[in-house]
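Colleague: Sharing protein.cif here; it has mmCIF, C-alpha atoms.
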data_my_file
#
loop_
_atom_site.label_atom_id
_atom_site.label_comp_id
_atom_site.auth_asym_id
_atom_site.auth_seq_id
_atom_site.Cartn_x
_atom_site.Cartn_y
_atom_site.Cartn_z
CA MET A 1 0.00 0.00 0.00
CA ALA A 2 1.34 3.42 -0.96
CA THR A 3 2.29 5.78 1.83
CA LYS A 4 -0.01 8.78 2.12
CA HIS A 5 1.19 12.17 3.31
CA LEU A 6 -0.66 14.16 5.96
CA GLN A 7 0.23 17.76 6.81
CA ILE A 8 -0.87 18.78 10.31
CA ASP A 9 -0.63 22.40 11.46
CA ILE A 10 -1.30 22.97 15.16
CA VAL A 11 -2.01 26.45 16.49
CA SER A 12 -1.44 26.36 20.23
CA ASP A 13 0.00 27.94 23.35
CA VAL A 14 2.29 26.46 25.99
CA MET A 15 -0.11 27.89 28.62
CA CYS A 16 -3.04 25.87 27.29
CA PRO A 17 -3.67 22.55 29.09
CA TRP A 18 -6.14 21.51 26.39
CA CYS A 19 -3.34 21.83 23.83
CA ILE A 20 -1.32 18.97 25.33
CA VAL A 21 -4.52 16.96 25.84
CA GLY A 22 -5.42 17.60 22.20
CA TYR A 23 -1.97 16.57 21.00
CA ARG A 24 -1.99 13.33 23.01
CA ARG A 25 -5.39 12.50 21.54
CA LEU A 26 -4.05 13.28 18.08
CA GLU A 27 -1.18 10.86 18.72
CA GLN A 28 -3.67 8.17 19.72
CA ALA A 29 -5.62 8.74 16.51
CA LEU A 30 -2.49 8.64 14.35
CA SER A 31 -1.35 5.39 15.96
CA GLN A 32 -4.25 3.67 14.22
CA PHE A 33 -2.66 4.31 10.81
CA ASP A 34 0.51 2.57 9.70
CA ASP A 35 0.69 3.91 6.15
CA LEU A 36 0.89 7.63 6.87
CA ASP A 37 3.80 10.01 6.41
CA VAL A 38 2.92 12.78 8.87
CA THR A 39 4.44 16.26 9.05
CA VAL A 40 3.53 18.32 12.11
CA GLN A 41 4.17 22.05 12.38
CA TRP A 42 3.35 24.17 15.44
CA HIS A 43 2.16 27.75 15.16
CA PRO A 44 2.01 30.48 17.83
CA PHE A 45 -1.00 31.71 19.75
CA GLU A 46 -0.79 33.76 22.95
CA LEU A 47 -3.63 33.29 25.40
CA ASN A 48 -2.25 36.15 27.51
CA PRO A 49 -0.30 38.52 25.23
CA SER A 50 -0.46 41.41 27.69
CA MET A 51 0.68 39.39 30.72
CA GLY A 52 3.54 41.04 32.62
CA PRO A 53 6.86 39.33 33.41
CA GLU A 54 5.76 38.43 36.94
CA GLY A 55 2.79 36.44 35.66
CA GLN A 56 -0.43 36.03 37.62
CA HIS A 57 -1.79 33.55 40.13
CA LEU A 58 -3.68 30.85 38.22
CA GLY A 59 -6.84 30.90 40.34
CA GLU A 60 -7.00 34.68 40.27
CA HIS A 61 -6.48 34.70 36.51
CA ILE A 62 -9.19 32.11 35.84
CA ALA A 63 -11.63 34.00 38.06
CA GLU A 64 -10.97 37.28 36.24
CA LYS A 65 -11.00 35.83 32.73
CA TYR A 66 -13.81 33.28 32.95
CA GLY A 67 -15.67 34.20 36.13
CA SER A 68 -14.98 30.79 37.66
CA THR A 69 -15.36 30.30 41.39
CA PRO A 70 -12.45 28.74 43.33
CA GLU A 71 -14.51 25.54 43.56
CA GLN A 72 -15.14 25.44 39.82
CA SER A 73 -11.49 26.14 39.11
CA ALA A 74 -10.41 23.32 41.45
CA GLN A 75 -12.85 20.91 39.78
CA ASN A 76 -11.54 21.84 36.34
CA ARG A 77 -7.94 21.30 37.44
CA GLN A 78 -8.87 17.94 38.95
CA ARG A 79 -10.60 16.91 35.73
CA LEU A 80 -7.60 17.95 33.65
CA THR A 81 -5.22 16.13 35.99
CA GLN A 82 -7.17 12.88 35.55
CA MET A 83 -7.46 13.42 31.81
CA GLY A 84 -3.71 13.98 31.58
CA ALA A 85 -2.98 10.86 33.62
CA ASP A 86 -5.15 8.80 31.26
CA LEU A 87 -3.07 10.15 28.36
CA GLY A 88 0.30 9.65 30.02
CA PHE A 89 0.87 13.30 30.92
CA THR A 90 1.31 14.74 34.42
CA PHE A 91 -0.39 17.98 35.43
CA ASN A 92 0.95 19.23 38.78
CA PHE A 93 -1.40 22.10 39.52
CA SER A 94 -1.01 23.65 42.95
CA ASP A 95 -2.32 26.61 44.93
CA SER A 96 0.77 28.55 43.86
CA SER A 97 0.50 27.81 40.11
CA ARG A 98 0.87 30.88 37.92
CA ILE A 99 0.02 31.99 34.37
CA TYR A 100 2.79 33.57 32.28
CA ASN A 101 3.44 35.29 28.97
CA THR A 102 4.67 32.91 26.24
CA LEU A 103 6.08 35.19 23.53
CA LEU A 104 9.65 34.09 24.27
CA ALA A 105 8.63 30.42 24.21
CA HIS A 106 7.07 30.87 20.78
CA GLN A 107 10.28 32.48 19.49
CA LEU A 108 12.26 29.46 20.65
CA LEU A 109 9.78 27.12 18.96
CA TYR A 110 10.02 29.13 15.75
CA TRP A 111 13.79 28.67 15.80
CA ALA A 112 13.57 24.96 16.64
CA ALA A 113 11.58 24.26 13.48
CA ASP A 114 14.75 24.68 11.39
CA SER A 115 16.38 21.83 13.31
CA GLY A 116 13.39 19.49 13.05
CA LYS A 117 13.06 19.64 16.83
CA GLN A 118 9.87 21.69 17.11
CA THR A 119 7.56 18.94 18.36
CA GLU A 120 10.15 17.64 20.83
CA LEU A 121 10.66 21.15 22.18
CA LYS A 122 6.92 21.83 22.39
CA LEU A 123 6.45 18.68 24.48
CA ALA A 124 9.43 19.63 26.65
CA LEU A 125 7.87 23.05 27.25
CA PHE A 126 4.51 21.51 28.19
CA LYS A 127 6.33 19.28 30.69
CA SER A 128 8.43 22.15 32.02
CA TYR A 129 5.37 24.30 32.68
CA PHE A 130 2.59 21.89 33.66
CA THR A 131 4.58 19.09 35.28
CA GLU A 132 7.56 20.94 36.73
CA GLN A 133 5.78 24.28 37.28
CA ASN A 134 8.56 26.31 35.66
CA ASN A 135 8.17 29.81 34.23
CA PRO A 136 8.27 29.69 30.39
CA ASP A 137 8.93 33.43 30.31
CA ASN A 138 12.34 32.82 31.90
CA ILE A 139 15.26 32.53 29.49
CA GLU A 140 17.17 29.94 31.53
CA VAL A 141 14.06 27.75 31.83
CA LEU A 142 13.66 27.92 28.06
CA VAL A 143 17.33 27.16 27.45
CA ASP A 144 17.07 24.12 29.72
CA ALA A 145 14.09 22.89 27.70
CA ALA A 146 16.02 23.42 24.46
CA THR A 147 19.08 21.50 25.66
CA SER A 148 16.86 18.66 26.93
CA VAL A 149 15.93 17.92 23.30
CA GLY A 150 19.45 18.29 21.92
CA LEU A 151 19.44 21.93 20.85
CA ASP A 152 22.46 24.15 21.43
CA ALA A 153 22.28 26.12 24.68
CA ASN A 154 24.33 29.09 23.53
CA GLU A 155 22.40 29.52 20.30
CA ALA A 156 19.08 29.15 22.14
CA ARG A 157 20.12 31.86 24.59
CA GLU A 158 21.17 34.16 21.74
CA VAL A 159 17.85 33.66 19.95
CA LEU A 160 15.97 34.58 23.11
CA THR A 161 18.20 37.51 24.00
CA ASP A 162 18.34 39.24 20.63
CA LYS A 163 14.69 38.33 19.86
CA ARG A 164 15.48 37.84 16.18
CA TYR A 165 12.23 35.93 15.63
CA GLU A 166 9.90 38.15 17.65
CA LYS A 167 8.54 40.04 14.64
CA ALA A 168 8.02 36.84 12.63
CA VAL A 169 6.18 35.21 15.53
CA LYS A 170 3.87 38.19 15.97
CA GLN A 171 3.15 38.27 12.25
CA GLU A 172 2.30 34.57 12.27
CA GLU A 173 0.03 35.03 15.28
CA GLN A 174 -1.86 37.74 13.41
CA LEU A 175 -2.07 35.56 10.32
CA TRP A 176 -3.87 32.79 12.20
CA ILE A 177 -6.14 35.28 13.96
CA SER A 178 -7.00 36.73 10.55
CA ARG A 179 -7.97 33.21 9.47
CA GLY A 180 -10.51 33.06 12.25
CA ILE A 181 -8.56 31.25 14.96
CA GLN A 182 -9.78 32.61 18.29
CA ALA A 183 -9.13 29.67 20.60
CA VAL A 184 -6.68 26.80 20.84
CA PRO A 185 -5.86 24.07 20.13
CA ALA A 186 -6.76 24.51 16.47
CA ILE A 187 -5.56 21.62 14.32
CA VAL A 188 -5.57 21.98 10.54
CA PHE A 189 -5.26 18.91 8.33
CA ASN A 190 -3.80 19.27 4.84
CA GLN A 191 -4.30 23.05 5.03
CA GLN A 192 -8.04 22.57 4.57
CA TYR A 193 -9.83 20.89 7.45
CA LEU A 194 -9.95 22.51 10.89
CA VAL A 195 -10.51 20.59 14.10
CA SER A 196 -11.15 22.94 17.04
CA GLY A 197 -10.46 21.93 20.62
CA ALA A 198 -9.20 18.68 22.11
CA GLN A 199 -11.41 16.25 20.20
CA GLU A 200 -11.62 12.55 21.02
CA PRO A 201 -9.22 10.22 19.13
CA ALA A 202 -12.13 8.50 17.36
CA THR A 203 -13.33 11.82 15.93
CA ILE A 204 -9.86 12.68 14.66
CA ALA A 205 -9.31 9.19 13.26
CA GLU A 206 -12.58 9.43 11.35
CA LEU A 207 -11.42 12.65 9.68
CA ILE A 208 -8.00 11.20 8.86
CA THR A 209 -9.69 8.18 7.28
CA LYS A 210 -11.81 10.46 5.09
CA LEU A 211 -8.81 12.56 4.09
CA THR A 212 -6.56 9.64 3.23
CA THR A 213 -9.34 7.78 1.40
CA THR A 214 -10.10 10.86 -0.67
CA ALA A 215 -6.42 11.33 -1.42
CA ALA A 216 -5.97 7.72 -2.53
#
Could you show the structure in this file as structure tokens?
Modeller:
Amino acid sequence: MATKHLQIDIVSDVMCPWCIVGYRRLEQALSQFDDLDVTVQWHPFELNPSMGPEGQHLGEHIAEKYGSTPEQSAQNRQRLTQMGADLGFTFNFSDSSRIYNTLLAHQLLYWAADSGKQTELKLALFKSYFTEQNNPDNIEVLVDAATSVGLDANEAREVLTDKRYEKAVKQEEQLWISRGIQAVPAIVFNQQYLVSGAQEPATIAELITKLTTTAA
């Protein structure tokens, strides 16, 4: 059977717990296909573009942004923690968890694409933030994530310090917003079919089947 190619573009933010849930579900869906050549590219989206360098307490942020009560917020975190565990990912939310700006993280991801390490770095950043509770707006935290996937520490630090990709990242963010992306994760298959949110593996697999059958 001939190998079929599938282009997957994922618009997401390191701050978004549903983005790692959505990616793990995508992985489960893709595991059902053994004749696919898959290319994944990550694209930037900032949930909190105006967030200051000190960040904000998670519970306080959720209450302000969504109007959630502390009880609702705790229930949501518990639900996500269980969901992550079922998918092999560890969420370590705590009373001191904070929300941060991710513009620097997106610049590092933009750079990592040239080395073919973008997905590895994205997963390392999810782990660094959600599992290890690190600040992804901190250059040394980002450099550590880069080196953990085999990227050069000095070059990573230079990229983050001179911000050579900041303009490109902001332009790409605006491009996706102009295409109607207002929430993440947003997963686009073959530059045509959009799947919004962290859909179940069966739903994604059904779409992939349709796409690959049509392409055959």
Colleague: On this structure, which residues satisfy the PyMOL selection byres ((chain A and resi 92) around 10), written as an mmCIF file with C-alpha atoms, in the frame of the given file?
Modeller:
data_model
loop_
_atom_site.group_PDB
_atom_site.id
_atom_site.type_symbol
_atom_site.label_atom_id
_atom_site.label_comp_id
_atom_site.auth_asym_id
_atom_site.auth_seq_id
_atom_site.Cartn_x
_atom_site.Cartn_y
_atom_site.Cartn_z
ATOM 1 C CA ARG A 77 -7.940 21.300 37.440
ATOM 2 C CA GLN A 78 -8.870 17.940 38.950
ATOM 3 C CA THR A 81 -5.220 16.130 35.990
ATOM 4 C CA PHE A 89 0.870 13.300 30.920
ATOM 5 C CA THR A 90 1.310 14.740 34.420
ATOM 6 C CA PHE A 91 -0.390 17.980 35.430
ATOM 7 C CA PHE A 93 -1.400 22.100 39.520
ATOM 8 C CA SER A 94 -1.010 23.650 42.950
ATOM 9 C CA SER A 97 0.500 27.810 40.110
ATOM 10 C CA LYS A 127 6.330 19.280 30.690
ATOM 11 C CA TYR A 129 5.370 24.300 32.680
ATOM 12 C CA PHE A 130 2.590 21.890 33.660
ATOM 13 C CA THR A 131 4.580 19.090 35.280
ATOM 14 C CA GLU A 132 7.560 20.940 36.730
ATOM 15 C CA GLN A 133 5.780 24.280 37.280
#
Colleague: For the provided coordinates, the residues matched by the PyMOL selection byres ((chain A and resi 139) around 10) should be stated as an NGL selection string.
Modeller: :A and (104-105 or 108 or 135-138 or 140-145 or 156-161)
Colleague: Between A:Ile8, A:Leu87, A:Leu30, A:Val169, single out the one closest to A:Glu46, counting all atoms listed in the file.
Modeller: A:Val169
Colleague: Once the PyMOL selection byres ((chain A and resi 205-209) around 10) has been evaluated on this model, what residues remain selected, and can you format them as a PyMOL selection string?
Modeller: chain A and resi 6+25-33+36+189-190+193+195+200-204+210-215
Colleague: Could you tell me which of A:Val21, A:Ile181, A:Ala186, A:Leu175 comes closest to A:Gly84 if we count all atoms listed in the file?
Modeller: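 Ranked by minimum distance to A:Gly84, first place goes to A:Val21.
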Colleague: Restricting the calculation to all atoms listed in the file: of A:Asn134, A:Ser96, A:Ser12, A:Ser68, which residue gets closest to A:Leu109?
Modeller: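 Using all atoms listed in the file, A:Leu109 sits closest to A:Ser12.
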Colleague: Measuring between only C-alpha atoms, which one of A:Met83, A:Leu123, A:Met15, A:Ala168 shows the shortest distance to A:Gln107?
Modeller: A:Ala168
Colleague: Mind giving me the straight-line distance from atom CA of A:Ala112 to atom CA of A:Ala146 in Å, one decimal?
Modeller: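 Computing the Euclidean distance for atom CA of A:Ala112 and atom CA of A:Ala146 yields 8.3 Å.
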Colleague: When you count all atoms listed in the file, which of these residues is closest to A:Leu58: A:Ala74, A:Cys19, A:Leu125, A:Leu151?
Modeller: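 Residue with the minimum atom-to-atom distance to A:Leu58: A:Ala74.
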Colleague: Mind pulling up the distance from atom CA of A:Ser196 to atom CA of A:Cys16?
Modeller: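 Computed distance, atom CA of A:Cys16 to atom CA of A:Ser196, equals 13.4 Å.
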Colleague: Box time for stretch 141-150 of chain A: axis-aligned, enclosing all its listed atoms, 8 Å extra on each side; report centre and edge lengths in Å to one decimal, as JSON.
Modeller:
{"center_x": 16.6, "center_y": 22.9, "center_z": 26.9, "size_x": 21.8, "size_y": 26.0, "size_z": 25.9}
Colleague: A:Ala153, A:Ile99, A:Ile20, A:Val188: which is nearest A:Leu80, counting only C-alpha atoms?
Modeller: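 For A:Leu80, the nearest of the given residues is A:Ile20.
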Colleague: Would you kindly place N, CA and C atoms on stretch 42-71 of chain A and return the model as a PDB file, keeping the file's coordinate frame?
Modeller:
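Written output follows (part-v7.pdb):
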ATOM      1  N   TRP A  42       4.016  23.407  14.381  1.00  0.00           N
ATOM      2  CA  TRP A  42       3.350  24.170  15.440  1.00  0.00           C
ATOM      3  C   TRP A  42       3.367  25.650  15.108  1.00  0.00           C
ATOM      4  N   HIS A  43       2.282  26.324  15.442  1.00  0.00           N
ATOM      5  CA  HIS A  43       2.160  27.750  15.160  1.00  0.00           C
ATOM      6  C   HIS A  43       1.758  28.502  16.443  1.00  0.00           C
ATOM      7  N   PRO A  44       2.191  29.751  16.573  1.00  0.00           N
ATOM      8  CA  PRO A  44       2.010  30.480  17.830  1.00  0.00           C
ATOM      9  C   PRO A  44       0.618  31.069  18.039  1.00  0.00           C
ATOM     10  N   PHE A  45       0.221  31.038  19.297  1.00  0.00           N
ATOM     11  CA  PHE A  45      -1.000  31.710  19.750  1.00  0.00           C
ATOM     12  C   PHE A  45      -0.761  32.071  21.202  1.00  0.00           C
ATOM     13  N   GLU A  46      -0.973  33.325  21.557  1.00  0.00           N
ATOM     14  CA  GLU A  46      -0.790  33.760  22.950  1.00  0.00           C
ATOM     15  C   GLU A  46      -2.143  33.948  23.621  1.00  0.00           C
ATOM     16  N   LEU A  47      -2.392  33.142  24.626  1.00  0.00           N
ATOM     17  CA  LEU A  47      -3.630  33.290  25.400  1.00  0.00           C
ATOM     18  C   LEU A  47      -3.598  34.563  26.234  1.00  0.00           C
ATOM     19  N   ASN A  48      -2.386  34.986  26.621  1.00  0.00           N
ATOM     20  CA  ASN A  48      -2.250  36.150  27.510  1.00  0.00           C
ATOM     21  C   ASN A  48      -1.152  37.082  27.000  1.00  0.00           C
ATOM     22  N   PRO A  49      -1.365  37.702  25.831  1.00  0.00           N
ATOM     23  CA  PRO A  49      -0.300  38.520  25.230  1.00  0.00           C
ATOM     24  C   PRO A  49       0.098  39.743  26.044  1.00  0.00           C
ATOM     25  N   SER A  50      -0.783  40.210  26.914  1.00  0.00           N
ATOM     26  CA  SER A  50      -0.460  41.410  27.690  1.00  0.00           C
ATOM     27  C   SER A  50       0.010  41.090  29.106  1.00  0.00           C
ATOM     28  N   MET A  51       0.238  39.798  29.385  1.00  0.00           N
ATOM     29  CA  MET A  51       0.680  39.390  30.720  1.00  0.00           C
ATOM     30  C   MET A  51       2.068  39.939  31.022  1.00  0.00           C
ATOM     31  N   GLY A  52       2.244  40.495  32.213  1.00  0.00           N
ATOM     32  CA  GLY A  52       3.540  41.040  32.620  1.00  0.00           C
ATOM     33  C   GLY A  52       4.534  39.948  32.971  1.00  0.00           C
ATOM     34  N   PRO A  53       5.796  40.306  33.147  1.00  0.00           N
ATOM     35  CA  PRO A  53       6.860  39.330  33.410  1.00  0.00           C
ATOM     36  C   PRO A  53       6.685  38.557  34.704  1.00  0.00           C
ATOM     37  N   GLU A  54       5.948  39.122  35.650  1.00  0.00           N
ATOM     38  CA  GLU A  54       5.760  38.430  36.940  1.00  0.00           C
ATOM     39  C   GLU A  54       4.656  37.382  36.869  1.00  0.00           C
ATOM     40  N   GLY A  55       3.880  37.402  35.781  1.00  0.00           N
ATOM     41  CA  GLY A  55       2.790  36.440  35.660  1.00  0.00           C
ATOM     42  C   GLY A  55       1.627  36.783  36.580  1.00  0.00           C
ATOM     43  N   GLN A  56       0.731  35.822  36.754  1.00  0.00           N
ATOM     44  CA  GLN A  56      -0.430  36.030  37.620  1.00  0.00           C
ATOM     45  C   GLN A  56      -0.843  34.703  38.239  1.00  0.00           C
ATOM     46  N   HIS A  57      -1.316  34.751  39.446  1.00  0.00           N
ATOM     47  CA  HIS A  57      -1.790  33.550  40.130  1.00  0.00           C
ATOM     48  C   HIS A  57      -2.880  32.887  39.293  1.00  0.00           C
ATOM     49  N   LEU A  58      -2.769  31.573  39.112  1.00  0.00           N
ATOM     50  CA  LEU A  58      -3.680  30.850  38.220  1.00  0.00           C
ATOM     51  C   LEU A  58      -5.142  31.013  38.619  1.00  0.00           C
ATOM     52  N   GLY A  59      -5.459  30.794  39.890  1.00  0.00           N
ATOM     53  CA  GLY A  59      -6.840  30.900  40.340  1.00  0.00           C
ATOM     54  C   GLY A  59      -7.408  32.287  40.142  1.00  0.00           C
ATOM     55  N   GLU A  60      -6.598  33.282  40.443  1.00  0.00           N
ATOM     56  CA  GLU A  60      -7.000  34.680  40.270  1.00  0.00           C
ATOM     57  C   GLU A  60      -7.248  34.985  38.783  1.00  0.00           C
ATOM     58  N   HIS A  61      -6.366  34.475  37.947  1.00  0.00           N
ATOM     59  CA  HIS A  61      -6.480  34.700  36.510  1.00  0.00           C
ATOM     60  C   HIS A  61      -7.757  34.063  35.943  1.00  0.00           C
ATOM     61  N   ILE A  62      -8.004  32.828  36.326  1.00  0.00           N
ATOM     62  CA  ILE A  62      -9.190  32.110  35.840  1.00  0.00           C
ATOM     63  C   ILE A  62     -10.471  32.816  36.297  1.00  0.00           C
ATOM     64  N   ALA A  63     -10.460  33.294  37.533  1.00  0.00           N
ATOM     65  CA  ALA A  63     -11.630  34.000  38.060  1.00  0.00           C
ATOM     66  C   ALA A  63     -11.896  35.284  37.269  1.00  0.00           C
ATOM     67  N   GLU A  64     -10.826  36.025  36.974  1.00  0.00           N
ATOM     68  CA  GLU A  64     -10.970  37.280  36.240  1.00  0.00           C
ATOM     69  C   GLU A  64     -11.393  37.055  34.785  1.00  0.00           C
ATOM     70  N   LYS A  65     -10.795  36.041  34.163  1.00  0.00           N
ATOM     71  CA  LYS A  65     -11.000  35.830  32.730  1.00  0.00           C
ATOM     72  C   LYS A  65     -12.307  35.100  32.418  1.00  0.00           C
ATOM     73  N   TYR A  66     -12.647  34.128  33.254  1.00  0.00           N
ATOM     74  CA  TYR A  66     -13.810  33.280  32.950  1.00  0.00           C
ATOM     75  C   TYR A  66     -14.924  33.372  33.993  1.00  0.00           C
ATOM     76  N   GLY A  67     -14.656  34.082  35.096  1.00  0.00           N
ATOM     77  CA  GLY A  67     -15.670  34.200  36.130  1.00  0.00           C
ATOM     78  C   GLY A  67     -15.864  32.950  36.953  1.00  0.00           C
ATOM     79  N   SER A  68     -14.871  32.053  36.929  1.00  0.00           N
ATOM     80  CA  SER A  68     -14.980  30.790  37.660  1.00  0.00           C
ATOM     81  C   SER A  68     -14.792  31.011  39.163  1.00  0.00           C
ATOM     82  N   THR A  69     -15.550  30.287  39.952  1.00  0.00           N
ATOM     83  CA  THR A  69     -15.360  30.300  41.390  1.00  0.00           C
ATOM     84  C   THR A  69     -14.151  29.437  41.729  1.00  0.00           C
ATOM     85  N   PRO A  70     -13.577  29.605  42.933  1.00  0.00           N
ATOM     86  CA  PRO A  70     -12.450  28.740  43.330  1.00  0.00           C
ATOM     87  C   PRO A  70     -12.818  27.260  43.261  1.00  0.00           C
ATOM     88  N   GLU A  71     -14.076  26.937  43.602  1.00  0.00           N
ATOM     89  CA  GLU A  71     -14.510  25.540  43.560  1.00  0.00           C
ATOM     90  C   GLU A  71     -14.561  25.017  42.125  1.00  0.00           C
TER      91      GLU A  71
END
